[in-house]
Amino acid sequence: MDFSYMGLNEINGSLIVLDHVADAAYDEIVKIETTEGKSLLGKVIAIEDQRAVIQVYEGTKGLSLTNTKTKFTGRPMELALSKEILGRIFDGAGKPIDGLGEIYAEKKVNVNGVPINPVSREYPRNYIQTGFSCIDGMSTLIRGQKLPIFSGSGMKHNQFAAQIAAQAKVTDNSEFAIVFAAMGVKNDVADFFKNSFAQSGALSKVVMFLNLANDPIIERIITPRCALAAAEYLAFDCGMHVLVIMTDITSYCEALRELSSSKGEIPGRKGYPGYLYSDLASMYERAGMIKGKAGSVTQVPILTMPNDDISHPIPDLTGYITEGQIVLDRALDNMGIYPPVSVLPSLSRLMKDGIGEGFTRADHPDLSNQLFSAYSKVQEVRSLAQVIGEDELTPTDKKYLEFGEVFEREFINQGQNENRTMEQTLELGWRILSILPVSELDRLDQALLDQYYVKSNEDGE
Amino acid sequence: MENEKGYIYAINGPVVIAKGGCSFSMLEMVYVGKQRLVGEVIKVSDDGATVQVYEETSGLKVGEPIYKTNQPMSVLLGPGILKSIFDGIERPLKVLEERSGAFIATGLNVSSLDEEKKWEVTITCREGDELSSGQVYATCPETASILHKCLVPNGVKGRVKKAMPNGSYSIHDTVVELEDETGNKTELTLCQKWPIRNPRPVKERLELCKPLITGQRVIDSLFPVAKGGAVAIPGGFGTGKTMTQHQLAKWSDADIIVYVGCGERGNEMTQVLEEFSELIDPRTGAALTDRTVLIANTSNMPVAAREASIYTGITLAEYYRDMGYNVAIMADSTSRWAEALREISGRLEEMPAEEGFPAYLPSRIAEFYERAGYVDSLCGEKGSVTIIGAVSPAGSDFSEPVTQNTKRFTRCFWALDKSLAYQRHYPAIHWMDSYTEYFDDLIPWYQEHVSPEFPSCRGRIMHILQEEDKLQQIVKLIGADVLPEDQKLIMEISRLIRVGFLQQNAFHAIDTYVPIDKQLRMMQVILHLYDRGMELVRKSIPLSQLKETGIFEDIIKIKYDVRNEEIDKMESYRQRIDTLTDEILKNNE
């Protein structure tokens, strides 16, 4: 079946249409060659009788109705994989761009992946130590989890993610790898990640897929899928624990919206297609662990909330699919607190089963619970203080203000090279909690208080 | 059996257009392509039909055949449903795993129920008996706690011509033969089919009179739902919808639980699977899975099957209701189902109504919730289906179409609140925004089975919470210190109610399930403290004296300190309140 179709019948944005096509399959990949020798990739996105609609990943710039040859490959989009991919850099469609040549394929896989059977999944229980108190202590990251970072333009989410990647550690000595997917990020951001991986000596354990801001927009739709296919291969075929960092999901969704509107689909909220939820789910749900396999895929997608609005469709739908979220806050950022994690809306859903006795430490669940409720009380006291002034507060409320201040400055805030162990984080939590009088700690039982509550603070009065 | 067939004319995502000769009928099940993917006809036109495909359509080609089945989209009903985990169109996921490994392949046609397994069947009819639709002709123990009753399929009746002896049979063995007046014979096996979109018939719908006891204080005491009722649980992400659903699935006093994970997380379904197999049903002593059916169509599984999963779930629920069981179905989440409707509607290029949802969204939601009910079934047993539907409003905005329309068709509403969830106050059911219309219907039950005082206790607790809500506005402006003593008491007591009563720890061995009697006693102790506190206030004794005794903290800890079986201990708290207040009164004389 080695023949090509000459010419096209229609070009519309990133879509091309071919008539009189025999035997095209839905979702198959087509190769388009121009007479100038340019080679492009596309995918069949709709077929009606003998008319096929093809989405071109690299964009349709330079194509005309007559200068192309189109070949149907009869296969879905595939990625060539072997363990050699570690340390390599690819473009957004999975072609090597580091000048080290093609990958000698041990296996070719469909980048779209196949849903994991819920019966075959293993419930994730082991935590990953990130070295950040705000994550380890309050919203612990679990192996096999998908935990996004909700950020805003201009906040330090890139440093944060890079530091997580550099410090992330699993407690046993299993093999660890990082897959990094950049979608529509600026050149210097990609460089920043490259450099920070190099600095932390992790570069040989990193696979990078880069679709930069000036790369074709439609290619962005395939970038995370290539990255996840590589991650699944490393995890489930090679038995490694893989951390996937994807940035920026917002650019990805915008590409999807652009494609959807050029297809003439009926838009849903804010112009995003009605299937945005299913589409995002088809990426995020590829995190997890499988019974009987050693590896795991953990995802940390980063998205910038347009206008810092958490109810925007992208963070909103993401939050419904992922197992929690880490929310960055501009007010904290402006105060110079790094990482500017807003603790209250941040949540790790899998945390409850992956911490405590046998995982971190027996007092961890109750401690974090108490820190949450105390810090949420701080917010109440602060708004009260704004109205009636700090001086009018009761002594207990003043203690809360002090607690809030110290919690932000010492617990959340940490240096760009500071890597805290779980023990350090928990000790710090207890020390700060001990600012409050015992009577306020209603979520801790006496045994824990006796063991950990630091009395000296009270005596000092 | 060579079926009629058409061919594929066009493909757009999960929507396929069929053409060619044969006439398709509406909602007929079809097999699409060489791989025989399962699909359903959703639109019939002059020369063909539009089909929604329940599996991934990647690789389909124009011109491939579409096979007719001449049957509407149906599920197989019979013993073996319980303890299973199905996808949205009743394919057993465990069997799929055996066939295709950890990742779900397409085009696997497997039987929904185990065809080999032998069941110990007791035939309950004799030759010569007259049987009509819905009557029992055989029973078999399906699990340790549930007796499966085989019901005569709809539209079949007649005299028993032949009845096999008791013994072991598999689901396709004929156990009874019926002959009607005209001499038509029907062979009855242990299983039957039912089209998922049709409600199963009943003799009569009955008035709702019993509550679904869940062991969750905020639900049982403040916002109960009747057996046969429908509840909506709306809440943004992270507010604990799924957690609440899990708690209900574990602890509610229904006989059968159907849990539909519709477009939700894979890891969550795994958690349900793991947890339920470890837990023991407190009423029967058997494993919790013995009474549970799981339907898992996670968010990355095909969208059309997600749409069907809700109907599959409710059909299974109705089947067990007809045997006389109380069934509770948890749908998590109906918003994903509505989104699946929207997605398919978009592919069909239908005119969208509100927020892109199709104009028939309200009627579909109504149809679904109307399948709840407490009924007299055709075999003369009383059974019920209670629907607990989670709603995931976009942007936590309760004014969006799915929440609004769900509100119209359910009579109980458990509003999950983000600010409560941020404080880690779980279950985050907000007492001011939630409501139940069932309580009035249930008052006689509470009076008879719990205590005549129950309704008034509940009323007083609600009243205190409402008062507090009003006072909070003032406190936000000027601080709590300036309130008069009687209002301070209300603030203190309602803090007690919130922390000591409404908050419930799902991970605590004692607190995870609380019997209704203990709930009442807890309310009474709190109200007693309020009454005695009021006495002090009237005598102008500062409240701080009562607070210093630590009685408030002790009562908050009742939920952990008093075990569920030692309710009598509650009396000691009452006595302590009396002793303490008497002492304070004496000291202030």
# chains A, B, ... in the order shown; residues from 1 in each chain; ligands from 1
$ residues_around --residues "Pro393 of chain B" --least-positions-apart "3" --cutoff "10 Å" --atoms "only C-alpha atoms" --output "PyMOL selection string"
(chain A and resi 316+320) or (chain B and resi 234-237+334-336+390+396-404)
$ residues_around --residues "Ser311 of chain A" --least-positions-apart "2" --cutoff "10 Å" --atoms "only C-alpha atoms" --output "PyMOL selection string"
(chain A and resi 305-306+308-309+313-317+319) or (chain B and resi 236+394-397)
$ select_by_dssp --residues "segment 524-560 of chain B" --states "helix (DSSP H, G or I)" --output "ChimeraX atom specification"
/B:524-538,543-548,551-556,558-560
$ interface_residues --of "chain A" --to "chain B" --cutoff "7 Å" --atoms "only C-alpha atoms" --output "VMD selection string"
chain A and resid 23 to 28 45 to 49 114 to 123 266 268 to 269 274 to 275 278 281 to 282 285 311 to 312 316 319 to 321 324 344 to 345 372 to 373 376 384 387 to 388
$ select_by_dssp --residues "segment 89-175 of chain B" --states "strand (DSSP E or B)" --output "number ranges by chain"
B: 92, 103, 119-123, 130-131, 136-141, 147-151, 158-163, 167-169
$ residues_around --residues "Gly144 of chain A" --least-positions-apart "4" --cutoff "8 Å" --atoms "only C-alpha atoms" --output "count of residues only"
8
$ residues_around --residues "segment 216-223 of chain A" --least-positions-apart "4" --cutoff "7 Å" --atoms "only C-alpha atoms" --output "ChimeraX atom specification"
/A:57-59,92-93,181,183,209,211,227,252,255-256
$ write_last_selection --atoms "C-alpha atoms" --output "mmCIF file, in the first residue's frame"
data_model
loop_
_atom_site.group_PDB
_atom_site.id
_atom_site.type_symbol
_atom_site.label_atom_id
_atom_site.label_comp_id
_atom_site.auth_asym_id
_atom_site.auth_seq_id
_atom_site.Cartn_x
_atom_site.Cartn_y
_atom_site.Cartn_z
ATOM 1 C CA TYR A 57 1.059 18.949 13.814
ATOM 2 C CA GLU A 58 3.700 21.269 12.461
ATOM 3 C CA GLY A 59 1.159 23.724 11.050
ATOM 4 C CA GLY A 92 7.306 18.199 20.945
ATOM 5 C CA ALA A 93 6.491 15.389 18.526
ATOM 6 C CA ALA A 181 7.429 17.920 28.984
ATOM 7 C CA MET A 183 4.436 22.912 26.162
ATOM 8 C CA PHE A 209 10.268 16.823 25.367
ATOM 9 C CA ASN A 211 7.696 22.317 22.506
ATOM 10 C CA ALA A 227 6.172 12.279 27.367
ATOM 11 C CA TYR A 252 -1.785 22.953 26.042
ATOM 12 C CA ALA A 255 -3.794 24.795 21.655
ATOM 13 C CA LEU A 256 -6.704 22.430 22.063
#
$ residues_around --residues "Glu102 of chain A" --least-positions-apart "5" --cutoff "9 Å" --atoms "only C-alpha atoms" --output "tab-separated table (two decimals) with all heavy atoms, in the first residue's frame"
chain	number	residue	atom	x	y	z
A	80	ALA	N	9.27	5.69	19.25
A	80	ALA	CA	10.28	4.65	19.39
A	80	ALA	C	10.94	4.77	20.75
A	80	ALA	O	11.40	5.85	21.12
A	80	ALA	CB	11.33	4.79	18.29
A	95	LYS	N	10.76	13.82	18.12
A	95	LYS	CA	11.97	13.65	17.29
A	95	LYS	C	13.18	14.14	18.07
A	95	LYS	O	13.12	15.22	18.67
A	95	LYS	CB	11.84	14.47	16.00
A	95	LYS	CG	11.15	13.72	14.87
A	95	LYS	CD	11.20	14.52	13.59
A	95	LYS	CE	9.83	15.16	13.36
A	95	LYS	NZ	9.76	16.15	12.32
A	96	PRO	N	14.29	13.41	18.05
A	96	PRO	CA	15.47	13.87	18.81
A	96	PRO	C	15.98	15.20	18.25
A	96	PRO	O	16.06	15.38	17.03
A	96	PRO	CB	16.50	12.76	18.57
A	96	PRO	CG	15.74	11.60	18.06
A	96	PRO	CD	14.53	12.13	17.37
$ atom_distance --atom1 "atom CA of Asn369 of chain A" --atom2 "atom CA of Lys352 of chain A"
10.4 Å
$ closest_residue --among "A:Ile32, A:Ile89, A:Val378, A:Leu234" --to "Ser64 of chain A" --atoms "only C-alpha atoms"
A:Ile32
$ atom_distance --atom1 "atom CA of Gln379 of chain A" --atom2 "atom CA of Gly500 of chain B"
21.9 Å
$ residues_around --residues "Gln129 of chain A" --least-positions-apart "5" --cutoff "10 Å" --atoms "only C-alpha atoms" --output "ChimeraX atom specification"
/A:135-137,140-143,164,167-171,360,419-422
$ write_last_selection --atoms "C-alpha atoms" --output "PDB file, in the first residue's frame"
ATOM      1  CA  ILE A 135       4.468  19.576  50.652  1.00  0.00           C
ATOM      2  CA  ASP A 136       5.950  16.840  52.818  1.00  0.00           C
ATOM      3  CA  GLY A 137       4.248  18.049  55.951  1.00  0.00           C
ATOM      4  CA  THR A 140       2.443  14.847  50.912  1.00  0.00           C
ATOM      5  CA  LEU A 141       3.220  13.664  47.396  1.00  0.00           C
ATOM      6  CA  ILE A 142       2.592   9.958  46.917  1.00  0.00           C
ATOM      7  CA  ARG A 143       4.194   7.669  44.334  1.00  0.00           C
ATOM      8  CA  ILE A 164      11.189  19.308  43.506  1.00  0.00           C
ATOM      9  CA  GLN A 167      15.306  16.870  45.620  1.00  0.00           C
ATOM     10  CA  ALA A 168      12.634  14.251  45.061  1.00  0.00           C
ATOM     11  CA  LYS A 169      13.643  11.060  46.725  1.00  0.00           C
ATOM     12  CA  VAL A 170      11.979   7.737  47.261  1.00  0.00           C
ATOM     13  CA  THR A 171      12.809   6.117  50.536  1.00  0.00           C
ATOM     14  CA  THR A 360       6.491   8.762  57.787  1.00  0.00           C
ATOM     15  CA  ASN A 419      16.371  20.229  51.455  1.00  0.00           C
ATOM     16  CA  ARG A 420      14.539  19.300  54.651  1.00  0.00           C
ATOM     17  CA  THR A 421      14.075  15.741  55.753  1.00  0.00           C
ATOM     18  CA  MET A 422      10.698  14.511  56.905  1.00  0.00           C
TER      19      MET A 422
END
$ atom_distance --atom1 "atom CA of Ala144 of chain B" --atom2 "atom CA of Phe276 of chain B"
15.3 Å
$ residues_around --residues "Asp366 of chain A" --least-positions-apart "6" --cutoff "10 Å" --atoms "only C-alpha atoms" --output "PyMOL selection string"
chain A and resi 356+372+443-445+448
$ closest_residue --among "B:Ala304, B:Leu378, B:Leu361, B:Ala287" --to "Ala338 of chain B" --atoms "only C-alpha atoms"
B:Leu361
